[in-house]
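Input: a single structure, listed below in structure tokens.
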Amino acid sequence: MMATATTDIYAFREALGNSKHVIVVAGAGLSAASGIPTYHDGGGMWRSLDAASLATPEAFERDPSLVWQFFHYRRTKSLHAKPNPAHEVIAKMSLPRYLKKVAPNAQSFHLITQNVDGLSVDALQTLLRGFAHETRSGAEGGAHGTRPEARTRPAAYKNPIFEMHGRLFDVQCTQCSYRREDRSNPLCPALGAADAALRDYQDAGTKASDIPAEQLPRCPECGALARPGVVWFNEKPLHLDEINNVVYKADMCLVVGTSSTVRPASTYAYRVRRHGGKVALFNLDPSEKDIAGADFVFRGPCEVLLPAVFPELG
């Protein structure tokens, strides 16, 4: 019989300190404090139409106008969002300089995120830009009086972030291989006009616009209809081979802001524990199934829990 999960922070920190290969599996709860809506909390029109049913290839084929309006709304929300303290703690774990403070034996770190908002990447890039600025300042100021660590830009672990469900700001062609990030807002005039016609998203259900396909985003290379660059339900997630490799060798898995609902991400913690690793759960409202599959359980908002558990990384 497996031991009952504990809430002992010190026991968790000891287990993490002995770990060599650390992974984080993250979901919507990680970005909740940044104001990113989930599929179940996207505004009036989307809730009334069961938002999850809009995130499918079949829905796009049936009504590309409605699906584009749904994802354009999510893009707009994400454009104004900023990484929260939980993103920032995980970003620091991506750098050996910081991870070694809490896991001195660590040899690798990877974040496997189901989120498509790009906030985890933004947090890491912001951190690295800060170090680059320190490096330039140290070089301009000369060696005297400059801390040695300020003169050397730290490197992140190799390929530290896997965005397995794609990226909301990517636009990809439905016909050719074109795929690029595009943070334009609006993405096209028709989608901008549809947004402008709404007083707010609570009454959007009565004001859906039927946008002709030729006025929706098009591929700049072949002219075909473009689609959001996210992985929809019934599509194969990205980076699966690389993810399977890091899960196979992981001996510590932090599950942050997600539950055991969407495969294959829902299986990763189980697989780590099955081969002798430890699982720590950080979630506002973990299910009984999640708790049963964990060694350590910490209840609460991710943006509060992670800085509290890892004060060295706050």
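Chain lettering (A, B, ...) mirrors the order of the structure tokens, residue numbering begins at 1 for each chain separately, and ligand numbering begins at 1 in order of display.
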>> Please extract the residues of range 151-268 of chain A with a backbone DSSP assignment of alpha helix (DSSP H) and present them as a count of residues only.
In response: 22
>> as JSON, numbers by chain, please: the residues near range 155-161 of chain A (cut-off 10 Å, only C-alpha atoms, same-chain neighbours under 3 positions excluded).
In response: {"A": [23, 24, 91, 92, 93, 94, 95, 96, 97, 98, 107, 108, 109, 110, 111, 112, 113, 120, 121, 124, 128, 131, 152, 164, 242, 243]}
>> Measuring between only C-alpha atoms, which one of A:Gln215, A:Asn84, A:Ser287, A:Thr126 shows the shortest distance to Gly314 in chain A?
In response: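 Smallest distance to Gly314 in chain A is found for A:Asn84.
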Can I get the residues of range 167-224 of chain A within 8 Å of range 68-80 of chain A, each with the closest pair of atoms and their distance in Å to one decimal, using only C-alpha atoms, sorted chain first then ascending number, as a tab-separated table?
residue	atom	partner	partner_atom	distance
A:Leu168	CA	A:Arg75	CA	6.4
A:Phe169	CA	A:Arg75	CA	6.7
A:Arg183	CA	A:Leu79	CA	7.6
A:Asn185	CA	A:Thr76	CA	7.2
A:Pro186	CA	A:His72	CA	8.0
A:Leu187	CA	A:His72	CA	7.7
A:Leu191	CA	A:Gln69	CA	6.5
A:Ala194	CA	A:Gln69	CA	7.7
A:Asp195	CA	A:Tyr73	CA	7.7
A:Leu216	CA	A:Trp68	CA	7.7
>> When you look at Gly35 in chain A with a cut-off of 8 Å (counting only C-alpha atoms), what residues show up, excluding the ones that are within fewer than 2 positions of it in the same chain? I need them as number ranges by chain.
In response: A: 31-33, 37, 77-78, 81
Which residues of range 149-248 of chain A come within 10 Å of range 51-62 of chain A, and for each one, what is the closest pair of atoms and their distance in Å to one decimal, counting only C-alpha atoms, sorted by chain and residue number, as a Markdown table?
| residue | atom | partner | partner_atom | distance |
| --- | --- | --- | --- | --- |
| A:Arg227 | CA | A:Phe60 | CA | 8.3 |
| A:Pro228 | CA | A:Phe60 | CA | 9.9 |
| A:Val230 | CA | A:Ala55 | CA | 8.9 |
| A:Val231 | CA | A:Ala55 | CA | 8.4 |
| A:Trp232 | CA | A:Thr56 | CA | 5.0 |
| A:Phe233 | CA | A:Thr56 | CA | 5.2 |
| A:Asn234 | CA | A:Thr56 | CA | 6.9 |
| A:Glu235 | CA | A:Pro57 | CA | 8.0 |
>> I need the residues in range 176-301 of chain A that are strand (DSSP E or B) according to DSSP; give them as number ranges by chain.
In response: A: 179-181, 218, 225-230, 252-256, 278-283, 296-299
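With only C-alpha atoms as the atoms that count, the residue of A:His165, A:Arg129, A:Arg218, A:Arg274 with the shortest distance to Ala26 in chain A is A:His165.
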